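A short worksheet on the structure shown next.
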Amino acid sequence: MAAIATAFKTKMPPPEVEYPTSDGKPMGETDLHRSVMVETIEALKMHYAGQQVYVSGNILLYYRPGNKRRHVSPDVLVARGLEPHDRDSYLLWEEGRAPNVVIEVTSRSTRDEDLEDKLEIYRDEIGVAEYFLFDPRSEYLDPALQGYRLSRGRFVPIKSVDGRLASAELKLQLQSDAGRLRFFDPARQRWLPTPQEARLEALAALEQKDAALEQKHAALEQAEAARRQAEVEVERLRQELAALRGQG
């Protein structure tokens with residue numbers, strides 16, 4: 001059963017409090033980590049396009065009103081029931097709900113924080129329904145993909161089935177694939193395309209559409225040529241008939 005995202009009814013902070021939009025830390029430790037983050041965010045955005053689902057990442061999430069130091073910056077977050085518009089930061093008390101899912105792309109410098117400090121914050125302070133950690137290099141986590149589901153105030157490990165972790169919140173299955181994080185949609189029995197795959201699919205669809213238009217244009221030209229040929233034949237027969245009448 002899917003956990004219910006925590007709803008908050010917290011007194012609003014004083015209006016003069018300004019919350020920074022950056023903590024000065026890099027988006028990813030390496031190109032690989034950054035690529036995994038971006039691909040994951042874009043893949044989920046495409047999947048939930050047109051729905052009331054907010055997908056983001058590397059955004060400061062503040063969880064205590066008035067305290068600018070109480071924040072985390074999830075690599076990837078998904079919040080169902082929220083407008084998918086751009087935000088400068090995620091103020092938990094203003095949004096009124098915690099993210100349903102948080103994904104951290106673990107590296108050498110973030111492993112301990114992801115497994116200890118952030119895990120406790122997501123569980124105890126924010127109430128994230130599902131928390132996933134992914135080590136694209138398989139160097140710091142064993143297994144490289146791990147998941148937890150919030151149950152009665154505790155994070156319970158999500159068991160792997162055939163190498164996949166089922167997310168009740170996303171209604172997708174997560175799998176590590178050659179250093180990439182992939183999502184399988186069991187309802188449609190297909191993998192969510194990566195941004196590159198989506199572009200290639202769109203290009204292939206466009207080329208197919210162009211080919212169909214060219215084929216239709218060629219058929220129209222062929223039909224027009226046949227019509228002109230028929231008109232020529234009709235005119236020839238008319239002239240032949242007129243000549244025969246003249247001879248009579």
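Labels for the structure tokens follow display order: chains A, B, ..., residues from 1 in each chain, ligands from 1.
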
Test item: residues at most 12 Å from Pro195 of chain A, only C-alpha atoms, excluding those fewer than 5 positions along its chain, as a list of chain:residue names: A:Ser35, A:Val36, A:Met37, A:Val38, A:Glu39, A:Thr40, A:Ile41, A:Glu42, A:Ala43, A:Leu44, A:Lys45, A:Met46, A:His47, A:Arg182, A:Leu200, A:Glu201, A:Ala202

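These are the residues of segment 84-113 of chain A assigned strand (DSSP E) by DSSP from backbone coordinates: Tyr90, Leu91, Val101, Val102, Ile103, Glu104 and Val105 of chain A.
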
Expected answer as a PyMOL selection string: alpha helix (DSSP H) residues in segment 25-200 of chain A: chain A and resi 31-47+92-95+111-115+117-120+195-200

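In terms of minimum interatomic distance to Trp93 of chain A, A:Glu125 ranks closest within A:Asp114, A:Glu125, A:Glu169, A:Asp31, counting only C-alpha atoms.
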
Distance query segment 162-168 of chain A at most 8 Å, only C-alpha atoms, self and fewer than 2 positions along chain excluded, as JSON, numbers by chain: {"A": [1, 2, 3, 130, 146, 147, 158, 159, 160, 170, 171, 172, 173, 174, 175, 176]}

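With only C-alpha atoms as the atoms that count, the residue of A:Glu214, A:Glu104, A:Glu95, A:Glu235 with the shortest distance to Leu61 of chain A is A:Glu95.
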
Long-range neighbours of Arg111 of chain A as a PyMOL selection string, 12 Å cut-off, only C-alpha atoms, 6 positions minimum in chain: chain A and resi 29+104-105+117-119+133-135+138-142+144

Pick from A:Thr194, A:Ser22, A:Ser107, A:Gln208, whichever lies nearest to Ser73 of chain A using only C-alpha atoms: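 Checking each candidate against Ser73 of chain A, we get A:Ser22 as the closest.
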
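One distance worth recording is that between atom CA of Ile59 of chain A and atom CA of Leu82 of chain A, which is 15.4 Å.
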
Length of the atom CA of Phe155 of chain A to atom CA of His71 of chain A vector [Å]: 20.0 Å

Surrounding residues of Glu120 of chain A excluding itself and chain neighbours under 5 positions, 12 Å, only C-alpha atoms, as a ChimeraX atom specification: /A:72,112-115,125-128,131,148,150,153-155

Interatomic distance (Å, one decimal) between atom CA of Arg70 of chain A and atom CA of Arg123 of chain A: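 We find that atom CA of Arg70 of chain A and atom CA of Arg123 of chain A lie 14.5 Å from each other.
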